[in-house]
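Remarks on the structure that follows.
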Amino acid sequence: MALSLLGLAVFLFVTMDSDYTSSTAYAAASEGVEITYGSVIKLMHEKTKFRLHSHDVPYGSGSGQQSVTGFPNVDDANSYWVVRPEPDTSAKSGDNIKSGTIIRLQHMKTRKWLHSHLHASPISGNLEVSCFGDDNNSDTGDYWRLEIEGSGKSWRQDQRVRLLHVDTSGFLHSHNKKYSRIAGGQQEVCGVREKKADNVWLAAEGIYLPTAESKASM
Ligand SMILES: *[C@@H]1O[C@H](CO)[C@@H](O)[C@H](O)[C@H]1NC(C)=O
């Protein structure tokens with residue numbers, strides 16, 4: 001099922017790519033592609049350039065849930081996340097996302113949600129960030145509030161953003177603290193409540209669904 005989704009996503013990417021060669025789409029593309037619900041993206045930690053990553057390996061401490069790390073290489077399929085709205089909203093695929101909106105990030109390969117809670121993270125003892133649930137199971141521990149840096153109103157690829165975990169008030173954070181054993185070379189991802197430079201992320205590689213408005217006008 002994940003494979004067929006990827007097939008669809010690749011198709012959309014090709015479609016979008018041809019759109020951006022047309023003159024009408026040029027202005028939008030040069031200002032930064034809009035990030036819409038249904039887009040499949042990698043999130044890059046600004047300071048270290050590592051990508052937000054998960055894989056089917058549980059933490060050996062804390063909750064024992066699926067681990068989330070920072071991954072050094074750009075090219076890894078386990079670093080793709082699908083941008084989803086809260087359940088029971090009218091938001092749909094292709095809608096843009098305003099600063100302050102609560103979103104969810106679903107790990108594409110394992111279908112689990114980016115999650116946090118009061119367990120201690122393995123290296124630094126901050127808030128643990130894990131992957132949890134499945135397509136049909138999601139709770140408030142999967143809610144993250146999008147905070148765009150600067151004056152931008154809706155999320156674009158060139159913007160620096162923070163993700164504030166709703167239940168714990170911890171910002172999605174990473175830093176140069178590396179795992180040696182189960183995830184060699186990968187670094188810790190955790191939640192921290194203080195507003196720090198290490199809480200800033202950028203949308204990097206991905207398959208960006210066109211906004212609903214631009215689809216309607218085509
Ligand atoms: C989610 O629910 C659908 C419909 O009931 C079902 O077909 C699917 O197998 C469920 N998925 C998981 C991961 O449980």
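We label chains A, B, ... in the order they appear in the structure tokens, count residues from 1 in each chain, and number ligands from 1 in the order shown.
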Given only C-alpha atoms and all ligand atoms, how would the per-residue table for chain A near ligand 1 read, listing every residue at most 7 Å away with its closest atom pair and distance in Å to one decimal, sorted by chain and number, as a Markdown table?
| residue | atom | partner | partner_atom_place_in_ligand_line | distance |
| --- | --- | --- | --- | --- |
| A:Asp134 | CA | ligand 1 | 13 (C) | 5.3 |
| A:Asp135 | CA | ligand 1 | 13 (C) | 5.3 |
| A:Asn136 | CA | ligand 1 | 1 (C) | 4.8 |
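Non-sequential neighbours of A:Arg145 (distance at most 9 Å, separation of 6 or more positions within a chain, only C-alpha atoms) are Ser99, Gly100, Thr101, Ile102, Ile103, Arg104, Arg162, Leu163, Leu164, His165 and Val166 of chain A.
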### Message
Show me, as a PyMOL selection string, the residues that have an atom within 12 Å of stretch 195-203 of chain A when counting only C-alpha atoms, minus same-chain residues fewer than 2 positions from it.
### Response
chain A and resi 32-36+39-52+70+79-83+146-149+155-165+169-177+188-193+205-208
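Closest approach to A:Trp113 among A:Gly60, A:Gly152, A:Pro72, A:Pro85: A:Pro85, based on only C-alpha atoms.
The coordinates place atom CA of A:Asp95 at 8.7 Å from atom CA of A:Pro210.
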### Nearest residue to A:Lys98 from the set A:Gly62, A:Arg181, A:Gln187, A:Ser151 (distances using only C-alpha atoms)
A:Ser151
### Option closest in space to A:Glu194, from A:Ala91, A:Val68, A:Leu127, A:Leu105 [counting only C-alpha atoms]
A:Leu127
### Task
Tell me which of A:Thr168, A:Ser61, A:Ser154, A:Ser54 sits closest to A:Phe132, counting only C-alpha atoms.
A:Ser54
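Picture a line from atom CA of A:Asn126 to atom CA of A:Ser180; it runs 18.4 Å.
Note that atom CA of A:Ser121 and atom CA of A:Val74 are 24.0 Å apart.
In terms of minimum interatomic distance to A:Gln186, A:Asn73 ranks closest within A:Gly64, A:Tyr59, A:Lys92, A:Asn73, counting only C-alpha atoms.
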#### Entry: Per-residue DSSP, stretch 65-203 of chain A, filtered to strand (DSSP E or B), as a PyMOL selection string
chain A and resi 66-71+81-85+96+98+102-107+113-120+127-132+134+137+144-148+154+156+161-165+171-178+187-192+201-203
### Task
Assign secondary structure with DSSP using the backbone only, and return the residues of stretch 7-212 of chain A in alpha helix (DSSP H) as number ranges by chain.
A: 7-20, 23-30, 212
